[in-house]
Each structure stands twice: as structure tokens, then as C-alpha cells.
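What follows is query.txt (compact mmCIF, C-alpha atoms).
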# COMPACT_ATOMS: atom_id res chain seq x y z
CA MET J 1 -14.25 54.34 -2.85
CA ALA J 2 -12.10 51.32 -3.58
CA LEU J 3 -8.90 50.96 -1.52
CA PRO J 4 -5.60 50.95 -3.38
CA LEU J 5 -4.40 47.42 -4.09
CA ALA J 6 -1.43 47.55 -1.72
CA ILE J 7 -3.58 48.71 1.19
CA ALA J 8 -6.33 46.19 0.35
CA GLU J 9 -3.80 43.35 0.52
CA ILE J 10 -2.70 44.46 3.96
CA VAL J 11 -6.29 44.57 5.20
CA GLN J 12 -7.42 41.26 3.65
CA ARG J 13 -4.30 39.10 4.14
CA PRO J 14 -2.31 38.14 7.26
CA THR J 15 0.85 40.17 7.65
CA ALA J 16 4.21 38.56 6.96
CA VAL J 17 4.93 38.60 10.69
CA GLN J 18 1.65 36.81 11.42
CA ALA J 19 2.25 34.22 8.74
CA ALA J 20 5.80 33.54 9.95
CA SER J 21 4.89 33.15 13.66
CA PRO J 22 6.39 29.86 14.89
CA PRO J 23 4.15 27.21 16.36
CA ALA J 24 3.88 27.08 20.14
CA PRO J 25 6.63 24.96 21.72
CA PRO J 26 5.60 21.54 22.93
CA ALA J 27 4.58 21.31 26.56
CA LEU J 28 7.64 20.49 28.64
CA GLY J 29 5.91 20.15 31.97
CA ARG J 30 6.45 22.39 34.97
CA GLN J 31 9.89 21.03 35.87
CA SER J 32 13.09 22.55 34.46
CA PHE J 33 16.67 21.36 34.62
CA VAL J 34 17.20 23.92 37.39
CA ALA J 35 14.43 22.38 39.46
CA ALA J 36 15.89 18.92 38.87
CA ALA J 37 19.38 20.09 39.87
CA VAL J 38 18.10 21.72 43.06
CA ARG J 39 16.00 18.69 43.89
CA ARG J 40 19.13 16.56 43.69
CA ALA J 41 21.46 18.72 45.82
CA GLY J 42 19.08 21.00 47.71
CA PRO J 43 18.29 18.73 50.70
CA ALA J 44 22.00 18.76 51.63
CA VAL J 45 22.24 22.59 51.74
CA VAL J 46 22.28 23.89 55.31
CA THR J 47 21.99 27.12 57.24
CA ILE J 48 24.85 27.80 59.66
CA ASP J 49 24.13 30.05 62.66
CA THR J 50 27.05 31.07 64.86
CA GLU J 51 27.45 32.72 68.23
CA ARG J 52 30.48 34.08 70.01
CA THR J 53 30.94 36.03 73.23
CA VAL J 54 33.16 39.10 73.09
CA GLN J 55 34.43 41.36 75.85
CA VAL J 56 33.19 44.95 75.66
CA SER J 57 35.15 47.89 77.00
CA GLY J 58 33.22 50.63 78.74
CA GLY J 59 30.69 48.23 80.23
CA GLN J 60 28.70 51.04 81.93
CA GLY J 61 27.19 52.02 78.59
CA GLY J 62 28.45 55.61 78.72
CA LEU J 63 26.24 56.59 81.70
CA PRO J 64 26.91 60.00 83.27
CA ASN J 65 29.38 60.04 86.14
CA ALA J 66 26.77 61.63 88.40
CA LEU J 67 24.69 58.45 88.18
CA LEU J 68 27.63 56.08 88.35
CA ASN J 69 28.78 57.79 91.53
CA ASP J 70 25.34 57.50 93.17
CA PRO J 71 25.35 54.47 95.55
CA LEU J 72 21.53 54.07 95.36
CA PHE J 73 21.65 54.00 91.56
CA ARG J 74 24.37 51.35 91.60
CA GLN J 75 22.45 49.27 94.14
CA PHE J 76 19.18 49.49 92.21
CA PHE J 77 20.75 48.29 88.95
CA GLY J 78 22.93 45.66 90.56
CA LEU J 79 26.22 47.41 89.83
CA PRO J 80 29.16 46.67 92.16
CA SER J 81 29.99 49.29 94.72
CA GLN J 82 32.69 51.74 93.81
CA GLY J 83 36.07 50.35 94.65
CA GLN J 84 34.97 46.73 94.11
CA PRO J 85 36.28 44.84 91.07
CA GLN J 86 33.87 45.05 88.16
CA ARG J 87 33.05 42.14 85.93
CA PRO J 88 34.00 42.81 82.30
CA ALA J 89 30.97 43.49 80.14
CA GLN J 90 30.17 40.93 77.48
CA ARG J 91 27.95 40.72 74.46
CA THR J 92 26.96 37.93 72.10
CA GLU J 93 27.67 38.36 68.42
CA ARG J 94 25.68 36.28 65.95
CA GLY J 95 26.41 35.42 62.37
CA GLN J 96 24.89 33.34 59.61
CA GLY J 97 26.08 31.59 56.48
CA SER J 98 25.48 28.54 54.33
CA GLY J 99 27.09 25.18 53.75
CA PHE J 100 26.33 21.71 52.45
CA VAL J 101 26.76 18.11 53.57
CA TYR J 102 29.36 16.45 51.36
CA GLN J 103 29.81 13.15 53.21
CA ALA J 104 27.18 10.81 54.60
CA ASP J 105 28.84 10.75 58.03
CA GLY J 106 27.73 14.35 58.56
CA LEU J 107 30.64 16.42 57.27
CA VAL J 108 29.74 19.91 56.05
CA LEU J 109 31.82 22.22 53.84
CA THR J 110 31.56 25.97 54.34
CA ASN J 111 33.72 29.10 54.40
CA ALA J 112 36.24 29.67 57.18
CA HIS J 113 34.97 33.21 57.72
CA VAL J 114 31.51 31.83 58.50
CA VAL J 115 32.61 29.78 61.53
CA GLU J 116 35.98 31.08 62.74
CA ARG J 117 36.15 32.27 66.36
CA SER J 118 32.66 30.88 67.02
CA ASP J 119 31.74 29.54 70.44
CA LYS J 120 28.60 27.81 69.18
CA VAL J 121 27.63 26.51 65.71
CA THR J 122 24.07 25.46 64.95
CA VAL J 123 23.23 23.80 61.64
CA GLY J 124 19.74 23.93 60.16
CA MET J 125 18.69 21.22 57.71
CA GLN J 126 16.08 21.70 55.00
CA ASP J 127 13.90 19.03 56.61
CA GLY J 128 13.58 21.21 59.73
CA ARG J 129 16.19 19.54 61.93
CA ARG J 130 18.55 21.81 63.89
CA VAL J 131 21.69 20.23 65.30
CA LEU J 132 24.89 21.46 66.88
CA GLY J 133 28.05 21.39 64.80
CA THR J 134 31.71 21.05 65.72
CA VAL J 135 34.38 22.81 63.66
CA VAL J 136 36.78 20.05 62.55
CA GLY J 137 39.26 22.53 61.13
CA LEU J 138 39.52 25.68 59.05
CA ASP J 139 42.05 27.21 56.67
CA ARG J 140 42.09 30.99 56.40
CA LEU J 141 44.39 31.02 53.38
CA THR J 142 41.72 29.33 51.24
CA ASP J 143 38.71 30.44 53.36
CA LEU J 144 37.47 26.87 53.80
CA ALA J 145 36.21 24.98 56.85
CA VAL J 146 34.76 21.58 57.70
CA VAL J 147 32.01 21.19 60.32
CA ARG J 148 30.87 17.85 61.76
CA LEU J 149 27.17 17.45 62.58
CA ASP J 150 26.65 16.39 66.20
CA GLY J 151 23.71 14.06 65.74
CA GLN J 152 22.42 10.88 64.19
CA GLY J 153 21.86 10.65 60.45
CA PRO J 154 20.97 9.77 57.88
CA TRP J 155 22.22 12.96 56.28
CA PRO J 156 21.44 13.99 52.70
CA VAL J 157 24.59 14.43 50.62
CA ALA J 158 25.25 16.82 47.73
CA PRO J 159 27.11 15.10 44.86
CA LEU J 160 30.45 16.66 43.96
CA GLY J 161 31.36 17.50 40.37
CA ASN J 162 34.67 18.17 38.63
CA SER J 163 35.66 21.85 38.51
CA ASP J 164 38.66 21.09 36.28
CA GLN J 165 36.26 20.34 33.42
CA LEU J 166 34.30 23.61 33.60
CA GLU J 167 33.90 25.83 30.57
CA VAL J 168 32.92 29.47 30.37
CA GLY J 169 29.24 29.76 29.45
CA GLU J 170 28.02 26.67 31.33
CA TRP J 171 25.00 27.01 33.58
CA ALA J 172 25.64 27.90 37.23
CA ILE J 173 23.08 27.58 40.04
CA ALA J 174 23.71 29.12 43.48
CA VAL J 175 21.86 27.77 46.52
CA GLY J 176 22.04 29.24 50.00
CA ASN J 177 20.55 31.53 52.60
CA PRO J 178 21.16 35.16 51.61
CA PHE J 179 19.99 37.67 54.22
CA GLY J 180 18.55 34.78 56.24
CA LEU J 181 16.17 33.76 53.44
CA ASP J 182 16.81 30.02 53.48
CA ASN J 183 16.69 27.76 50.43
CA THR J 184 17.15 30.61 47.95
CA VAL J 185 18.06 29.59 44.39
CA THR J 186 19.58 31.86 41.74
CA MET J 187 20.80 30.99 38.26
CA GLY J 188 23.36 32.31 35.80
CA ILE J 189 26.38 31.10 33.89
CA ILE J 190 30.07 30.52 34.49
CA SER J 191 31.36 33.96 33.51
CA ASN J 192 35.05 33.11 33.72
CA LEU J 193 37.57 30.85 35.41
CA ASN J 194 40.79 31.20 37.39
CA ARG J 195 40.10 34.70 38.71
CA ASN J 196 42.99 35.34 41.09
CA ALA J 197 41.92 36.59 44.53
CA ALA J 198 44.80 39.05 44.73
CA LYS J 199 43.55 40.83 41.60
CA LEU J 200 40.17 41.22 43.32
CA GLY J 201 41.85 43.05 46.18
CA ILE J 202 42.03 40.01 48.49
CA THR J 203 45.73 39.72 49.20
CA ASP J 204 45.57 37.38 52.21
CA LYS J 205 44.10 34.41 50.29
CA ARG J 206 45.65 31.90 47.94
CA LEU J 207 42.75 31.25 45.57
CA ASP J 208 41.85 31.12 41.90
CA LEU J 209 38.08 31.54 41.74
CA ILE J 210 35.15 30.70 39.50
CA GLN J 211 33.36 33.87 38.38
CA THR J 212 29.59 33.72 37.92
CA ASP J 213 26.70 36.10 37.35
CA ALA J 214 24.36 33.93 39.44
CA ALA J 215 23.31 36.24 42.27
CA ILE J 216 25.42 35.70 45.42
CA ASN J 217 24.59 37.84 48.44
CA PRO J 218 25.60 38.05 52.13
CA GLY J 219 24.52 34.78 53.74
CA ASN J 220 25.26 32.76 50.60
CA SER J 221 28.83 32.30 51.82
CA GLY J 222 29.69 28.62 52.04
CA GLY J 223 26.74 27.42 49.98
CA PRO J 224 27.15 25.35 46.82
CA LEU J 225 27.44 26.47 43.22
CA LEU J 226 25.86 23.73 41.11
CA ASN J 227 26.10 22.70 37.48
CA ALA J 228 23.10 21.73 35.35
CA ASP J 229 23.27 18.16 36.68
CA GLY J 230 22.97 19.25 40.32
CA GLU J 231 26.63 18.56 41.14
CA VAL J 232 28.63 20.93 43.34
CA ILE J 233 31.29 22.68 41.24
CA GLY J 234 32.17 25.46 43.68
CA ILE J 235 31.64 27.01 47.10
CA ASN J 236 30.17 30.50 47.01
CA THR J 237 32.54 32.80 48.85
CA LEU J 238 32.53 36.36 47.58
CA VAL J 239 30.28 38.98 46.04
CA ARG J 240 31.73 42.11 44.50
CA THR J 241 30.18 45.37 45.74
CA GLY J 242 30.68 48.88 44.44
CA PRO J 243 32.19 49.03 40.92
CA GLY J 244 31.54 45.69 39.26
CA ALA J 245 28.70 44.87 41.66
CA GLY J 246 26.77 41.79 40.65
CA LEU J 247 29.84 39.62 40.15
CA GLY J 248 29.99 36.48 42.28
CA PHE J 249 32.92 34.18 42.96
CA ALA J 250 33.22 30.58 44.14
CA ILE J 251 36.07 28.32 45.23
CA PRO J 252 36.47 25.41 42.76
CA ILE J 253 35.28 22.17 44.34
CA ASN J 254 38.41 20.22 43.35
CA ARG J 255 40.50 22.65 45.41
CA ALA J 256 38.01 22.50 48.28
CA ARG J 257 37.94 18.71 48.21
CA GLU J 258 41.70 18.48 48.82
CA ILE J 259 41.62 21.14 51.55
CA ALA J 260 38.74 19.31 53.27
CA ARG J 261 40.67 16.02 53.10
CA GLN J 262 43.59 17.56 54.95
CA LEU J 263 41.37 19.27 57.53
CA VAL J 264 39.59 16.02 58.37
CA ALA J 265 42.85 14.06 58.53
CA THR J 266 44.94 16.49 60.60
CA GLY J 267 42.83 19.55 61.45
CA ARG J 268 45.18 21.77 59.45
CA VAL J 269 46.38 22.36 55.89
CA SER J 270 49.96 22.17 54.65
CA HIS J 271 50.49 24.85 51.99
CA PRO J 272 53.57 24.59 49.76
CA MET J 273 56.07 27.39 49.17
CA ILE J 274 59.21 27.76 47.07
CA GLY J 275 60.63 31.00 48.48
CA LEU J 276 60.25 33.51 45.65
CA GLY J 277 59.01 37.06 45.27
CA LEU J 278 57.23 37.39 41.93
CA ASP J 279 55.94 39.98 39.51
CA ALA J 280 54.49 39.86 36.01
CA VAL J 281 56.65 40.87 33.06
CA ARG J 282 55.12 44.00 31.52
CA PRO J 283 55.69 45.57 28.09
CA GLY J 284 57.66 48.46 29.60
CA ASP J 285 60.13 46.09 31.24
CA GLY J 286 62.08 45.62 28.02
CA THR J 287 61.70 43.15 25.16
CA ALA J 288 64.74 41.15 26.23
CA LEU J 289 62.76 39.68 29.10
CA GLY J 290 60.10 38.21 26.84
CA ARG J 291 56.89 37.03 28.53
CA GLY J 292 56.65 35.26 31.85
CA VAL J 293 56.87 35.77 35.60
CA ARG J 294 59.85 37.72 36.90
CA VAL J 295 61.65 36.74 40.11
CA THR J 296 61.98 39.87 42.26
CA SER J 297 63.52 38.20 45.32
CA VAL J 298 64.79 34.81 46.46
CA VAL J 299 64.43 33.65 50.07
CA ALA J 300 67.76 32.60 51.54
CA GLY J 301 67.87 28.86 52.19
CA GLY J 302 64.52 28.26 50.46
CA PRO J 303 63.78 25.62 47.80
CA ALA J 304 64.26 28.11 44.96
CA GLN J 305 67.68 29.26 46.12
CA ARG J 306 68.82 25.68 46.69
CA ALA J 307 67.73 24.87 43.14
CA GLY J 308 69.84 27.72 41.77
CA MET J 309 67.24 30.42 41.02
CA ARG J 310 68.36 34.04 40.97
CA GLN J 311 66.76 37.44 41.22
CA GLY J 312 65.93 38.65 37.70
CA ASP J 313 65.14 35.19 36.33
CA VAL J 314 61.95 34.99 34.26
CA VAL J 315 59.87 31.84 34.64
CA THR J 316 58.20 31.05 31.32
CA ALA J 317 56.75 27.59 32.09
CA ALA J 318 56.10 25.27 35.04
CA ASN J 319 55.69 21.55 34.42
CA GLY J 320 55.12 22.34 30.76
CA GLU J 321 52.40 24.96 31.33
CA PRO J 322 53.06 28.56 30.15
CA MET J 323 53.41 31.08 32.99
CA LEU J 324 52.25 34.67 32.38
CA GLN J 325 51.08 35.79 35.84
CA PRO J 326 52.38 35.22 39.39
CA SER J 327 49.01 33.69 40.27
CA GLN J 328 49.61 30.96 37.67
CA LEU J 329 52.94 30.02 39.20
CA ILE J 330 51.44 30.02 42.71
CA ALA J 331 48.64 27.76 41.45
CA ALA J 332 51.25 25.44 39.91
CA VAL J 333 53.07 25.24 43.25
CA GLU J 334 49.78 24.45 45.04
CA LYS J 335 48.98 21.75 42.49
CA VAL J 336 52.35 20.06 43.00
CA GLY J 337 52.07 20.29 46.78
CA VAL J 338 54.60 19.82 49.55
CA GLY J 339 57.27 17.31 48.49
CA GLY J 340 56.29 17.28 44.81
CA THR J 341 58.54 18.22 41.91
CA LEU J 342 58.20 21.50 40.03
CA ASN J 343 60.08 21.70 36.73
CA LEU J 344 60.67 25.30 35.64
CA SER J 345 61.71 26.79 32.31
CA ILE J 346 63.62 30.02 32.95
CA THR J 347 65.04 32.80 30.79
CA ARG J 348 68.31 34.14 32.21
CA GLY J 349 70.55 36.56 30.35
CA GLY J 350 69.08 35.55 27.02
CA GLN J 351 69.63 31.85 27.72
CA MET J 352 67.05 29.17 28.53
CA VAL J 353 67.67 27.34 31.81
CA GLN J 354 65.83 24.29 33.18
CA LEU J 355 65.56 23.89 36.95
CA SER J 356 63.70 21.49 39.25
CA LEU J 357 62.76 22.22 42.84
CA VAL J 358 60.70 20.66 45.63
CA PRO J 359 58.21 22.88 47.54
CA VAL J 360 58.25 22.79 51.34
CA ALA J 361 55.49 23.58 53.83
CA MET J 362 54.88 27.22 54.69
CA ALA J 363 56.20 28.05 58.16
CA GLY J 364 53.61 28.30 60.89
CA ARG J 365 50.87 26.45 59.01
Output the structure of this file as C-alpha cells.
Amino acid sequence: MALPLAIAEIVQRPTAVQAASPPAPPALGRQSFVAAAVRRAGPAVVTIDTERTVQVSGGQGGLPNALLNDPLFRQFFGLPSQGQPQRPAQRTERGQGSGFVYQADGLVLTNAHVVERSDKVTVGMQDGRRVLGTVVGLDRLTDLAVVRLDGQGPWPVAPLGNSDQLEVGEWAIAVGNPFGLDNTVTMGIISNLNRNAAKLGITDKRLDLIQTDAAINPGNSGGPLLNADGEVIGINTLVRTGPGAGLGFAIPINRAREIARQLVATGRVSHPMIGLGLDAVRPGDGTALGRGVRVTSVVAGGPAQRAGMRQGDVVTAANGEPMLQPSQLIAAVEKVGVGGTLNLSITRGGQMVQLSLVPVAMAGR
């Protein structure tokens, strides 16, 4: 029996999908831009192993009193006789993180939390060398540290990019040593920019972070975030767990570069302050306030008070840039630095006021 025409056409002719199949892409070779980027910066990525000795209370390990009171037991295990002073028990804590060489004289950038309070820092290179490192300085407020390699070079150097030119959607490549698995590479995009640390629940840092979906895990801390050209655009510092897990954050390299410069020059960082308590203007605050950053308190004798600022003022712009969040004004103060000039546009009682002030160094830093 003859097949109906429509069915016969389907059997005898290629389907529309078959006919429209695109030709195979031309061979591009085995290398990708990711491989090229990692090849450029990867040799400068290091593993950082740390050790520190801590005192432990209860050095007898919770042994029963019957044993601790037995002289033969104490003698057998080398414990001091009762009544003699006992040496405090100690234990060694070990940690691990990542970093990268950013100067040919053996300077390494990493996170402060990777190396702080360490008694010993050992740096592992990708070529197999392991050398001791000396902490040049660290800054807890930005979670950055510089380590100097104690050895003879030459040292591979990771090229630094420009984080001020980043755009959302650009490629992002994370390199580091998560969970001790050295030379691990993950890829994603720049998910967003200027994520304020305080809004992520980190209130003791002064940071605006790069957000990425490139996988960042424990041990990646201090390693580089690269762009498609293999340039360092950020320092991996935080992974979000729980709700929102899978989000990674990095310190912009332009910020890190300035912090590192100060740490190498003086061993410390001078952070600017203007002496204001701040809050965002919210819709429920009343339309008369407009949009901006509200001053909730003014520190007596501080730069802001000397410039004439008052509680209740609303800062709408700083050096010509609109201000909508306290984090933006803090970032503007950081950008100006100690001794710079900050020009503020302020709404006060329905009037626009222009004030200029000069940030001073935070006390105790």
C-alpha cells in the first residue's frame, strides 16, 4: 500500500532540522583563552602554609584524678610530681591559603586572615620550590597582607590589571589551592561590582568587593582572580555559605595595590576618617529628605564637625559623585585618603549646602 504523500516526504527527505544543522566549527586547537590566561599568571600563584603555637588549658587531657594522683603513673609518662610547677601544654595549629607573587623581588599578596598570628610561613611555588616567608605587614580592615620570600629568585610575577575598568559580565578566572588541592582553576563571570562587605554581614572590614560565580572555596583565600588576558583583577577573599551559597567575592586589585604599597613602605596602613555616623535615606524617612546618605552623628572635634556638618544633614554627592549608600561615602573617603580634599553636597532644611573637609588618619592605625 502506498504511503500518504506527507509521510512519504518525511521518509524520503532529510528533516528540516537535519537540513538546517550548522557546519562543524573550525578546529581551534586544544588551547583556550582560559589556558592562555592561566599559563601567563599561574606560575606566580603560591600555596601558603602557616603554623602557630598556642597554649592549651587543661594540659592533662582530662585524665581521671585517680591516675593523675598516682606517682608511678606520673613517673612513667614523664609528668612532673604533684606540687611541682607544670609546664603549660601547647599545640601547633596549621592553616593554608593562597597568594601570588606580584613583584620580582619576591613580594607576595595574600589575605591577612591567612597569615595573621603565624609563627612560621612556608610558601610553595608551582615549580616545586618551598621557601620560608616573612610577613612584611598586614591590614585587618581590608584583609590584606604582604609576605616577602626568604630566598633567591628569580620569581615568576603575575601581571596586575585595572579593576576600575571592570564590567559586569566579563570573564573571571580563579586560581588557588582550595582544600589543599594546589593549582586549581575555576571559571565564571564578574557577577557584580562594589558589593559592600557590611551588607554581606562583615562589619569589621572596609571593603567594596567584586562578586563572581567562579567557584571560590576554603583555601582559595588570597589567590588571584584573573581576567581573560591573565591579569590579576582581584584577590579572592570570601565565599558565601548557606543561603546564597556559590557566590564568591574578591578584593579589587587597585585597592590591594595601594594597601600593599603602604605595607611595604611602613608596615602599616593609614585609613582616613571624617568623623560621621551614617545611614541610608529610606522611603519611610519622609520625602523632604530626598535621596542620599543621612548623618546620624558627628564626632566632636573631627574633620566633619570642623567643616560645619550637623546631625540630620543628608549628603547627596561627594566630589561630584552621587551618594545613595553609606558604603559609597566611605569608599569616597578612602579614595581621597588622609590629607585629601572631600567636597560634599548636602541638603539641610530644604537648602543645598556645599562643604569641604580633609580626612585624618583613624586613631590607633
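For the pair atom CA of J:Gly222 and atom CA of J:Ala37, the interatomic distance is 18.1 Å.
Separating atom CA of J:Thr203 from atom CA of J:Ala307 is a distance of 27.2 Å.
With distances restricted to only C-alpha atoms, J:Ile235 is the closest residue to J:Leu160 from J:Val315, J:Ala363, J:Ile235, J:Ile346.
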Rank nothing, just name the residue among J:Gln328, J:Thr341, J:Thr237, J:Ser356 nearest to J:Asp279, using only C-alpha atoms.
-> J:Gln328
Of J:Val338, J:Ile253, J:Leu225, J:Met323, the one nearest to J:Met273 when counting all atoms listed in the file is J:Val338
For J:Arg117, the closest of J:Trp171, J:Leu166, J:Glu51, J:Val131 counting all atoms listed in the file is J:Glu51
Hey, can I get the axis-aligned box for stretch 317-324 of chain J? All listed atoms, 3 Å padding on each side, centre and edge lengths in Å to one decimal, as lines of an AutoDock Vina configuration file.
center_x = 54.5
center_y = 28.1
center_z = 32.6
size_x = 10.5
size_y = 19.1
size_z = 10.9
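Pairwise distance (atom CA of J:Ala44, atom CA of J:Ile202) equals 29.4 Å.
Closest approach to J:Gly188 among J:Leu200, J:Ala228, J:Val147, J:Ile274 is made by J:Ala228 (distances from all atoms listed in the file).
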Please tell me which residues are no farther than 8 Å from (22.0, 20.7, 58.7) in the file, counting all atoms listed in the file, and write them as an NGL selection string.
-> :J and (44-48 or 100-101 or 123-126 or 129-131 or 149)
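Each of J:Gln305, J:Asn319, J:Ser98, J:Thr142 was compared to J:Asn343 using only C-alpha atoms, and J:Asn319 turns out to be the nearest.
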